[in-house]
$ cat model_33.cif   # mmCIF, C-alpha atoms
data_input
#
loop_
_atom_site.label_atom_id
_atom_site.label_comp_id
_atom_site.auth_asym_id
_atom_site.auth_seq_id
_atom_site.Cartn_x
_atom_site.Cartn_y
_atom_site.Cartn_z
CA MET A 1388 261.36 32.82 -52.87
CA SER A 1389 257.80 34.06 -52.95
CA GLU A 1390 257.16 37.63 -54.03
CA ARG A 1391 257.46 39.98 -51.06
CA ARG A 1392 256.55 43.57 -50.53
CA ALA A 1393 259.73 45.61 -50.78
CA ASP A 1394 259.01 47.06 -47.32
CA TYR A 1395 259.73 43.70 -45.71
CA LEU A 1396 262.64 42.65 -47.89
CA PRO A 1397 265.48 44.03 -45.70
CA GLU A 1398 264.19 42.13 -42.68
CA HIS A 1399 263.82 38.97 -44.75
CA ILE A 1400 267.47 39.28 -45.81
CA ARG A 1401 268.59 39.96 -42.24
CA GLU A 1402 266.69 36.93 -40.93
CA THR A 1403 268.18 34.74 -43.64
CA LEU A 1404 271.71 35.86 -42.76
CA ILE A 1405 271.08 35.21 -39.05
CA HIS A 1406 269.72 31.70 -39.63
CA ASP A 1407 272.12 30.57 -42.35
CA PRO A 1408 274.68 28.54 -40.36
CA ARG A 1409 277.44 29.75 -42.69
CA VAL A 1410 276.81 33.28 -41.39
CA ALA A 1411 274.82 33.26 -38.09
CA GLU A 1412 275.52 36.96 -37.66
CA GLN A 1413 272.99 39.15 -35.85
CA ASP A 1414 275.02 42.30 -36.22
CA LEU A 1415 274.28 43.13 -39.86
CA LYS A 1416 272.57 46.21 -41.18
CA VAL A 1417 270.56 45.72 -44.37
CA ASP A 1418 269.22 48.38 -46.71
CA VAL A 1419 267.54 47.83 -50.07
CA GLN A 1420 267.19 50.47 -52.79
CA GLU A 1421 265.59 49.36 -56.03
CA HIS A 1422 267.61 46.25 -56.98
CA ARG A 1423 270.62 47.02 -54.82
CA VAL A 1424 271.22 45.46 -51.38
CA MET A 1425 273.60 47.26 -49.03
CA LEU A 1426 275.06 45.29 -46.13
CA GLY A 1427 276.85 46.87 -43.17
CA GLY A 1428 278.13 45.96 -39.72
CA ASN A 1429 281.06 44.12 -38.18
CA VAL A 1430 282.28 40.65 -39.08
CA ALA A 1431 284.97 38.52 -37.47
CA THR A 1432 286.87 37.27 -40.53
CA PRO A 1433 287.47 38.11 -44.22
CA GLN A 1434 286.05 34.69 -45.12
CA LEU A 1435 282.80 35.46 -43.31
CA ARG A 1436 282.57 38.75 -45.18
CA GLU A 1437 282.78 36.91 -48.52
CA THR A 1438 280.28 34.29 -47.36
CA ILE A 1439 277.78 37.00 -46.52
CA THR A 1440 277.96 38.27 -50.10
CA ASP A 1441 277.53 34.71 -51.43
CA VAL A 1442 274.47 34.02 -49.26
CA ALA A 1443 272.86 37.33 -50.23
CA ARG A 1444 273.48 36.57 -53.94
CA GLU A 1445 271.91 33.12 -53.55
CA LEU A 1446 268.85 34.69 -51.94
CA LEU A 1447 268.46 37.54 -54.44
CA PRO A 1448 270.12 36.54 -57.72
CA GLY A 1449 268.85 39.58 -59.62
CA TYR A 1450 270.12 42.15 -57.12
CA GLU A 1451 273.41 43.99 -56.87
CA ILE A 1452 275.02 43.16 -53.49
CA VAL A 1453 277.10 45.96 -51.94
CA ASN A 1454 278.93 44.50 -48.97
CA GLU A 1455 280.22 47.33 -46.76
CA THR A 1456 280.78 45.18 -43.67
CA THR A 1457 284.00 45.70 -41.71
CA VAL A 1458 286.37 42.96 -40.55
CA VAL A 1459 287.11 43.64 -36.89
CA PRO A 1460 290.85 43.78 -36.17
CA ALA A 1461 292.20 41.16 -33.77
CA THR A 1462 295.56 42.75 -33.04
CA GLU A 1463 297.21 43.16 -29.65
CA PRO A 1464 296.14 46.18 -27.61
CA ASP A 1465 298.59 49.07 -27.26
CA GLY A 1466 298.52 49.29 -23.47
CA GLU A 1467 296.52 48.48 -20.39
CA GLU A 1468 293.94 50.36 -18.36
CA PRO A 1469 294.26 50.75 -14.58
CA VAL A 1470 290.71 50.13 -13.35
CA ALA A 1471 291.08 49.91 -9.58
CA MET B 409 298.79 44.58 -9.65
CA ILE B 410 296.70 41.88 -11.26
CA ARG B 411 296.50 42.14 -15.05
CA ILE B 412 293.28 40.82 -16.54
CA ALA B 413 292.99 40.24 -20.28
CA ALA B 414 289.42 40.02 -21.49
CA VAL B 415 287.47 39.67 -24.71
CA GLY B 416 284.03 38.46 -25.76
CA ASP B 417 282.09 37.82 -28.95
CA LEU B 418 284.87 36.13 -30.86
CA HIS B 419 282.24 34.20 -32.87
CA TYR B 420 284.63 31.47 -33.97
CA GLY B 421 283.62 29.37 -36.95
CA ALA B 422 284.86 28.30 -40.35
CA GLY B 423 287.73 30.59 -41.34
CA SER B 424 288.59 31.62 -37.77
CA GLN B 425 291.65 29.39 -37.58
CA ASP B 426 294.53 31.33 -36.02
CA LEU B 427 292.38 34.47 -35.71
CA LEU B 428 293.70 35.06 -32.18
CA ARG B 429 296.82 32.93 -32.10
CA PRO B 430 299.31 35.58 -33.30
CA SER B 431 298.02 38.05 -30.70
CA LEU B 432 298.02 35.45 -27.94
CA GLN B 433 301.73 34.73 -28.30
CA HIS B 434 302.72 37.61 -26.03
CA LEU B 435 299.68 37.38 -23.76
CA PRO B 436 301.47 35.51 -20.94
CA ASP B 437 303.91 38.47 -20.71
CA ARG B 438 301.07 40.99 -20.65
CA ALA B 439 298.38 39.43 -18.44
CA ASP B 440 297.95 37.12 -15.46
CA LEU B 441 294.68 35.60 -16.65
CA LEU B 442 292.34 35.60 -19.63
CA LEU B 443 288.58 36.05 -19.28
CA LEU B 444 286.22 35.20 -22.15
CA ALA B 445 282.82 36.93 -22.07
CA GLY B 446 280.71 34.56 -24.18
CA ASP B 447 279.65 34.17 -27.83
CA LEU B 448 282.81 32.25 -28.49
CA THR B 449 281.16 30.50 -31.47
CA ARG B 450 278.75 31.44 -34.24
CA CYS B 451 276.20 28.65 -33.77
CA GLY B 452 277.39 26.76 -30.68
CA GLY B 453 278.82 23.94 -32.80
CA THR B 454 281.51 21.69 -31.40
CA GLU B 455 283.51 22.02 -34.61
CA GLU B 456 283.47 25.80 -34.08
CA ILE B 457 284.58 25.73 -30.45
CA ARG B 458 287.35 23.27 -31.34
CA VAL B 459 288.85 25.93 -33.61
CA LEU B 460 289.04 28.32 -30.66
CA ALA B 461 290.26 25.56 -28.36
CA ASP B 462 293.15 24.96 -30.76
CA ASP B 463 294.10 28.64 -30.53
CA LEU B 464 293.94 28.59 -26.71
CA ARG B 465 295.62 25.23 -26.15
CA GLY B 466 298.82 25.45 -24.14
CA LEU B 467 298.37 29.09 -23.07
CA PRO B 468 300.23 29.16 -19.74
CA ILE B 469 297.85 31.48 -17.85
CA PRO B 470 294.50 30.68 -16.21
CA MET B 471 291.51 31.02 -18.54
CA VAL B 472 287.91 31.50 -17.38
CA ALA B 473 284.82 31.85 -19.59
CA VAL B 474 281.09 32.22 -19.65
CA LEU B 475 279.06 31.16 -22.65
CA GLY B 476 276.88 33.52 -24.69
CA ASN B 477 273.59 33.16 -26.54
CA HIS B 478 275.31 32.01 -29.75
CA ASP B 479 277.00 29.20 -27.82
CA TYR B 480 273.53 27.85 -26.90
CA HIS B 481 272.09 27.95 -30.44
CA SER B 482 272.72 24.28 -31.34
CA ASN B 483 271.59 23.03 -27.90
CA ARG B 484 275.10 21.65 -27.43
CA GLU B 485 276.29 24.03 -24.73
CA ASP B 486 277.45 21.10 -22.58
CA ASP B 487 279.68 19.93 -25.44
CA VAL B 488 280.98 23.47 -25.98
CA ARG B 489 281.81 23.62 -22.29
CA ARG B 490 283.58 20.23 -22.37
CA VAL B 491 285.75 21.23 -25.35
CA LEU B 492 286.81 24.43 -23.56
CA GLU B 493 287.50 22.62 -20.32
CA GLY B 494 289.57 20.13 -22.31
CA VAL B 495 292.11 22.88 -23.02
CA GLY B 496 292.02 24.24 -19.47
CA VAL B 497 289.32 26.91 -19.70
CA LYS B 498 287.10 27.02 -16.60
CA VAL B 499 283.53 27.68 -17.76
CA LEU B 500 281.20 29.35 -15.23
CA GLU B 501 277.40 29.46 -15.08
CA GLY B 502 276.11 30.67 -11.74
CA GLU B 503 279.35 29.55 -10.17
CA ALA B 504 282.64 31.05 -9.06
CA VAL B 505 286.28 30.13 -9.15
CA THR B 506 289.17 31.48 -7.07
CA LEU B 507 292.66 31.68 -8.54
CA ASP B 508 295.89 32.25 -6.63
CA ILE B 509 297.92 34.78 -8.60
CA ASP B 510 301.22 35.81 -7.01
CA GLY B 511 299.70 35.30 -3.56
CA ALA B 512 296.53 37.25 -4.31
CA ARG B 513 293.17 35.51 -4.38
CA VAL B 514 291.32 36.51 -7.54
CA GLY B 515 287.70 35.40 -7.52
CA ILE B 516 285.55 35.30 -10.63
CA ALA B 517 281.80 34.69 -10.55
CA GLY B 518 280.19 34.16 -13.93
CA THR B 519 276.90 33.79 -15.70
CA LYS B 520 275.66 34.24 -19.22
CA GLY B 521 272.95 36.51 -17.86
CA PHE B 522 269.94 37.40 -19.98
CA GLY B 523 267.72 40.28 -21.06
CA GLY B 524 264.75 42.24 -19.79
CA GLY B 525 265.82 45.85 -20.01
CA PHE B 526 266.71 48.56 -17.56
CA ARG B 527 265.31 50.60 -14.71
CA GLY B 528 261.96 52.15 -15.48
CA ALA B 529 261.46 49.98 -18.55
CA HIS B 530 262.21 46.40 -17.47
CA ALA B 531 259.99 43.57 -18.68
CA SER B 532 257.85 41.94 -15.97
CA ASP B 533 257.14 38.29 -15.34
CA PHE B 534 253.46 39.02 -15.82
CA GLY B 535 250.90 37.74 -18.31
CA GLU B 536 251.69 34.99 -20.77
CA PRO B 537 253.82 32.02 -19.73
CA GLU B 538 256.39 33.07 -22.33
CA MET B 539 256.90 36.44 -20.63
CA LYS B 540 257.11 34.83 -17.22
CA GLU B 541 259.70 32.40 -18.54
CA PHE B 542 261.74 35.15 -20.21
CA VAL B 543 261.98 37.38 -17.14
CA GLY B 544 262.13 34.40 -14.78
CA HIS B 545 265.30 33.23 -16.54
CA THR B 546 266.98 36.58 -15.94
CA LYS B 547 265.89 36.60 -12.30
CA MET B 548 267.18 33.08 -11.71
CA LEU B 549 270.58 33.81 -13.26
CA SER B 550 270.89 37.13 -11.40
CA ASP B 551 270.07 35.43 -8.08
CA ARG B 552 272.68 32.76 -8.72
CA LEU B 553 275.25 35.40 -9.62
CA GLU B 554 274.57 37.29 -6.41
CA ARG B 555 274.95 34.14 -4.33
CA ALA B 556 278.15 33.12 -6.11
CA LEU B 557 279.67 36.58 -5.59
CA THR B 558 278.51 36.80 -1.96
CA ASP B 559 280.12 33.45 -1.15
CA LEU B 560 283.36 34.37 -2.87
CA GLU B 561 286.24 34.97 -0.46
CA ALA B 562 288.92 36.72 -2.45
CA ASP B 563 291.11 39.81 -2.56
CA LEU B 564 289.64 40.78 -5.94
CA ARG B 565 286.16 39.85 -7.09
CA ILE B 566 285.22 40.00 -10.76
CA ALA B 567 281.78 39.40 -12.27
CA LEU B 568 282.02 37.88 -15.75
CA LEU B 569 278.85 38.11 -17.87
CA HIS B 570 277.77 37.93 -21.47
CA TYR B 571 274.67 40.16 -21.29
CA SER B 572 275.07 43.73 -20.08
CA PRO B 573 274.19 44.84 -16.54
CA ILE B 574 273.90 48.55 -17.42
CA GLU B 575 272.69 50.83 -20.19
CA THR B 576 275.83 52.97 -20.48
CA THR B 577 277.86 50.25 -22.18
CA LEU B 578 275.04 49.79 -24.71
CA GLU B 579 275.27 53.34 -26.03
CA GLY B 580 275.54 53.04 -29.82
CA GLU B 581 273.01 50.23 -30.00
CA ARG B 582 269.41 50.87 -31.09
CA LEU B 583 267.21 51.60 -28.08
CA GLU B 584 264.61 49.12 -29.35
CA ILE B 585 266.92 46.17 -28.67
CA TYR B 586 268.11 47.18 -25.18
CA PRO B 587 265.75 44.65 -23.54
CA PHE B 588 267.51 41.89 -25.50
CA LEU B 589 270.98 43.11 -24.60
CA GLY B 590 270.84 43.03 -20.82
CA SER B 591 269.07 43.62 -17.57
CA TYR B 592 269.46 45.89 -14.56
CA LEU B 593 268.85 42.79 -12.43
CA LEU B 594 272.42 41.74 -13.19
CA ALA B 595 273.78 45.09 -11.94
CA GLN B 596 271.59 44.91 -8.87
CA ALA B 597 272.94 41.45 -8.07
CA VAL B 598 276.54 42.64 -8.32
CA ASP B 599 275.87 45.88 -6.41
CA ASN B 600 274.23 43.84 -3.62
CA ALA B 601 277.10 41.39 -3.37
CA GLY B 602 279.93 43.83 -4.14
CA ALA B 603 282.71 43.36 -6.71
CA ASP B 604 285.73 45.16 -8.10
CA MET B 605 284.78 44.98 -11.76
CA ILE B 606 282.19 43.63 -14.20
CA LEU B 607 283.06 42.41 -17.68
CA HIS B 608 280.49 41.65 -20.36
CA GLY B 609 280.08 41.36 -24.13
CA HIS B 610 277.03 40.89 -26.40
CA ALA B 611 276.60 44.55 -27.44
CA HIS B 612 278.72 44.83 -30.60
CA HIS B 613 277.77 48.46 -31.24
CA GLY B 614 278.00 49.48 -27.60
CA THR B 615 280.53 51.44 -25.58
CA GLU B 616 283.42 50.05 -23.58
CA LYS B 617 283.15 51.86 -20.26
CA GLY B 618 280.48 52.36 -17.64
CA ARG B 619 279.65 51.97 -13.94
CA THR B 620 276.85 50.40 -11.96
CA PRO B 621 274.67 52.61 -9.73
CA ALA B 622 276.95 51.63 -6.80
CA GLY B 623 280.02 52.68 -8.79
CA ILE B 624 281.46 49.32 -9.80
CA PRO B 625 283.43 49.68 -13.08
CA VAL B 626 281.85 47.88 -16.06
CA ARG B 627 283.69 47.08 -19.29
CA ASN B 628 282.04 45.87 -22.49
CA VAL B 629 284.77 43.72 -24.03
CA ALA B 630 282.84 42.60 -27.13
CA GLN B 631 285.56 42.31 -29.73
CA PRO B 632 283.80 44.65 -32.21
CA VAL B 633 283.84 47.28 -29.43
CA ILE B 634 287.44 46.94 -28.22
CA ARG B 635 288.66 46.21 -31.78
CA HIS B 636 291.64 44.21 -30.51
CA ALA B 637 292.23 40.56 -29.70
CA TYR B 638 291.72 41.46 -26.01
CA ASN B 639 292.03 44.39 -23.65
CA VAL B 640 294.09 44.40 -20.45
CA TYR B 641 292.79 45.86 -17.18
CA THR B 642 294.91 46.17 -14.04
CA LEU B 643 293.51 45.97 -10.52
CA ASP B 644 295.25 46.27 -7.16
CA PRO B 645 294.33 43.33 -4.90
CA ARG B 646 295.41 45.28 -1.78
CA ARG B 647 292.95 48.08 -2.43
CA GLN B 648 290.35 48.61 0.29
CA VAL B 649 286.83 47.95 -1.00
CA MET B 650 283.92 49.47 0.84
CA PRO B 651 280.92 47.23 1.51
CA ALA B 652 278.25 47.57 -1.15
CA ALA B 653 275.82 48.82 1.50
CA ALA B 654 278.14 51.78 2.18
CA GLY B 655 278.18 52.83 -1.45
CA GLY B 656 280.39 50.24 -3.10
CA VAL B 657 283.93 50.60 -4.28
CA THR B 658 286.19 53.47 -3.31
#

$ encode --input "model_33.cif" --output "structure tokens"
Amino acid sequence: MSERRADYLPEHIRETLIHDPRVAEQDLKVDVQEHRVMLGGNVATPQLRETITDVARELLPGYEIVNETTVVPATEPDGEEPVA
Amino acid sequence: MIRIAAVGDLHYGAGSQDLLRPSLQHLPDRADLLLLAGDLTRCGGTEEIRVLADDLRGLPIPMVAVLGNHDYHSNREDDVRRVLEGVGVKVLEGEAVTLDIDGARVGIAGTKGFGGGFRGAHASDFGEPEMKEFVGHTKMLSDRLERALTDLEADLRIALLHYSPIETTLEGERLEIYPFLGSYLLAQAVDNAGADMILHGHAHHGTEKGRTPAGIPVRNVAQPVIRHAYNVYTLDPRRQVMPAAAGGVT
């Protein structure tokens, strides 16, 4: 990739993760400090979580990738809510 | 009582196989119908929606869905719809369906909806063609929703959306993106027509519960919000509902 100002790097990473069809996730938070990229937010599956790390590594080979995303549980609810 | 299971934003794709299936096994004992509030896929690919269709196939309760913005990304929304309908999911866009559940007529009107923002800060269809198109899309879908709900003769009337009709269920999201998460025009449409409940998704960092200005309960069932495979809401079809003009639901 071309050299970018560090100010715009987090948004470049976020856009890449949104448009990479392996990820296509708009819900990710991206922070960059020095040569460390921190990723947060919710993801649907453990596999997607790993893929996000892989895509970030491909984009920024020299950076440390800290993936703090959370896999959302898909368990049954405990009860029900009377609404009306 | 009618038991409605609902979830949105499942974002099925590679690796989602059997994501829901274990939790769906007991669903027929826990709910009378399943509503899906859009963003069922990551990129709107047919291979993605087939994974979800495999999980839903054979579920012996009625299933109704709207699509979300992700389901439109590959411009194959018609194919996504066909795959869902192939396993018995009724997909709504500006339309309604009425189900007979234990003698009660449960009507569901659905639309993806769209953005624009909320009262006092809504985008206007003014200026560039792109702005007119953006807001015009929301207006068109809101008008269709209102007509579909108004024409619905049922004991219970549910509005199923992807985008949010109110701000309350967005709390937790960044204010800057509210205009891309929903529009008050959707709430206005439902308040004009009257309904017993609104379900939506789209706002992953939002809040589950809210109400429209007329008092209609709203639930954000985005899976990252409810953090379960689905939530179950019960509604009494014999409950007396006041006309929207008289202040909405009791």

$ closest_residue --input "model_33.cif" --among "B:Met548, B:Ile412, B:Leu568, B:Leu464" --to "chain A" --atoms "all atoms listed in the file"
B:Ile412

$ residues_around --input "model_33.cif" --residues "A:Ile1439" --least-positions-apart "6" --cutoff "8 Å" --atoms "only C-alpha atoms" --output "PyMOL selection string"
chain A and resi 1404+1410+1454

$ closest_atom_pairs --input "model_33.cif" --of "chain A" --to "chain B" --cutoff "12 Å" --atoms "all atoms listed in the file" --output "CSV"
residue,atom,partner,partner_atom,distance
A:Leu1404,CA,B:Arg450,CA,11.9
A:Ile1405,CA,B:Arg450,CA,9.8
A:His1406,CA,B:Cys451,CA,9.3
A:Asp1407,CA,B:Cys451,CA,9.7
A:Pro1408,CA,B:Cys451,CA,6.8
A:Arg1409,CA,B:Ala422,CA,7.9
A:Val1410,CA,B:Arg450,CA,7.6
A:Ala1411,CA,B:Arg450,CA,5.8
A:Glu1412,CA,B:Arg450,CA,7.3
A:Gln1413,CA,B:His612,CA,9.6
A:Asp1414,CA,B:His612,CA,7.2
A:Leu1415,CA,B:His612,CA,10.4
A:Lys1416,CA,B:His613,CA,11.4
A:Gly1428,CA,B:His613,CA,8.8
A:Asn1429,CA,B:Pro632,CA,6.6
A:Val1430,CA,B:Pro632,CA,8.1
A:Ala1431,CA,B:His419,CA,6.9
A:Thr1432,CA,B:Ser424,CA,6.5
A:Pro1433,CA,B:Gly423,CA,8.1
A:Gln1434,CA,B:Gly423,CA,5.8
A:Leu1435,CA,B:Gly423,CA,7.2
A:Arg1436,CA,B:Gly423,CA,10.4
A:Glu1437,CA,B:Gly423,CA,10.8
A:Thr1438,CA,B:Gly423,CA,10.3
A:Thr1456,CA,B:Pro632,CA,11.9
A:Thr1457,CA,B:Pro632,CA,9.6
A:Val1458,CA,B:Pro632,CA,8.9
A:Val1459,CA,B:Pro632,CA,5.8
A:Pro1460,CA,B:Arg635,CA,5.5
A:Ala1461,CA,B:Ala637,CA,4.1
A:Thr1462,CA,B:His636,CA,4.9
A:Glu1463,CA,B:Ser431,CA,5.3
A:Pro1464,CA,B:His636,CA,5.7
A:Asp1465,CA,B:Asn639,CA,8.8
A:Gly1466,CA,B:Val640,CA,7.3
A:Glu1467,CA,B:Val640,CA,4.7
A:Glu1468,CA,B:Tyr641,CA,4.8
A:Pro1469,CA,B:Thr642,CA,4.7
A:Val1470,CA,B:Leu643,CA,5.8
A:Ala1471,CA,B:Leu643,CA,4.7

$ resolve_selection --input "model_33.cif" --expression "the PyMOL selection byres ((chain A and resi 1453) around 7)" --output "ChimeraX atom specification"
/A:1424-1426,1451-1452,1454-1455

$ resolve_selection --input "model_33.cif" --expression "the PyMOL selection byres ((chain B and resi 525) around 9)" --output "compact mmCIF listing (two decimals) with C-alpha atoms, in the coordinates of the input"
# COMPACT_ATOMS: atom_id res chain seq x y z
CA GLY B 523 267.72 40.28 -21.06
CA GLY B 524 264.75 42.24 -19.79
CA PHE B 526 266.71 48.56 -17.56
CA ARG B 527 265.31 50.60 -14.71
CA GLY B 528 261.96 52.15 -15.48
CA ALA B 529 261.46 49.98 -18.55
CA HIS B 530 262.21 46.40 -17.47
CA ALA B 531 259.99 43.57 -18.68
CA ILE B 574 273.90 48.55 -17.42
CA GLU B 575 272.69 50.83 -20.19
CA ILE B 585 266.92 46.17 -28.67
CA TYR B 586 268.11 47.18 -25.18
CA PRO B 587 265.75 44.65 -23.54
CA PHE B 588 267.51 41.89 -25.50
CA LEU B 589 270.98 43.11 -24.60
CA GLY B 590 270.84 43.03 -20.82
CA SER B 591 269.07 43.62 -17.57
CA TYR B 592 269.46 45.89 -14.56
CA LEU B 593 268.85 42.79 -12.43

$ atom_distance --input "model_33.cif" --atom1 "atom CA of A:Ala1393" --atom2 "atom CA of A:Thr1440"
19.7 Å

$ residues_around --input "model_33.cif" --residues "B:Leu475" --least-positions-apart "5" --cutoff "10 Å" --atoms "all atoms listed in the file" --output "JSON, numbers by chain"
{"B": [416, 417, 444, 445, 446, 447, 448, 449, 452, 480, 485, 488, 489, 499, 500, 501, 518, 519, 520, 521, 569, 570]}

$ write_last_selection --input "model_33.cif" --atoms "C-alpha atoms" --output "short mmCIF file (atom, residue, chain, number, x, y, z; two decimals), in the frame of the given file"
data_model
loop_
_atom_site.label_atom_id
_atom_site.label_comp_id
_atom_site.auth_asym_id
_atom_site.auth_seq_id
_atom_site.Cartn_x
_atom_site.Cartn_y
_atom_site.Cartn_z
CA GLY B 416 284.03 38.46 -25.76
CA ASP B 417 282.09 37.82 -28.95
CA LEU B 444 286.22 35.20 -22.15
CA ALA B 445 282.82 36.93 -22.07
CA GLY B 446 280.71 34.56 -24.18
CA ASP B 447 279.65 34.17 -27.83
CA LEU B 448 282.81 32.25 -28.49
CA THR B 449 281.16 30.50 -31.47
CA GLY B 452 277.39 26.76 -30.68
CA TYR B 480 273.53 27.85 -26.90
CA GLU B 485 276.29 24.03 -24.73
CA VAL B 488 280.98 23.47 -25.98
CA ARG B 489 281.81 23.62 -22.29
CA VAL B 499 283.53 27.68 -17.76
CA LEU B 500 281.20 29.35 -15.23
CA GLU B 501 277.40 29.46 -15.08
CA GLY B 518 280.19 34.16 -13.93
CA THR B 519 276.90 33.79 -15.70
CA LYS B 520 275.66 34.24 -19.22
CA GLY B 521 272.95 36.51 -17.86
CA LEU B 569 278.85 38.11 -17.87
CA HIS B 570 277.77 37.93 -21.47
#

$ residues_around --input "model_33.cif" --residues "A:Asp1394" --least-positions-apart "4" --cutoff "10 Å" --atoms "only C-alpha atoms" --output "list in words"
Glu1398, His1399 and Val1419 of chain A

$ resolve_selection --input "model_33.cif" --expression "the PyMOL selection byres ((chain B and resi 469) around 9)" --output "list in words"
Leu435, Pro436, Ala439, Asp440, Leu441, Leu442, Gly466, Leu467, Pro468, Pro470 and Met471 of chain B

$ write_last_selection --input "model_33.cif" --atoms "C-alpha atoms" --output "mmCIF file, in the coordinates of the input"
data_model
loop_
_atom_site.group_PDB
_atom_site.id
_atom_site.type_symbol
_atom_site.label_atom_id
_atom_site.label_comp_id
_atom_site.auth_asym_id
_atom_site.auth_seq_id
_atom_site.Cartn_x
_atom_site.Cartn_y
_atom_site.Cartn_z
ATOM 1 C CA LEU B 435 299.680 37.380 -23.760
ATOM 2 C CA PRO B 436 301.470 35.510 -20.940
ATOM 3 C CA ALA B 439 298.380 39.430 -18.440
ATOM 4 C CA ASP B 440 297.950 37.120 -15.460
ATOM 5 C CA LEU B 441 294.680 35.600 -16.650
ATOM 6 C CA LEU B 442 292.340 35.600 -19.630
ATOM 7 C CA GLY B 466 298.820 25.450 -24.140
ATOM 8 C CA LEU B 467 298.370 29.090 -23.070
ATOM 9 C CA PRO B 468 300.230 29.160 -19.740
ATOM 10 C CA PRO B 470 294.500 30.680 -16.210
ATOM 11 C CA MET B 471 291.510 31.020 -18.540
#
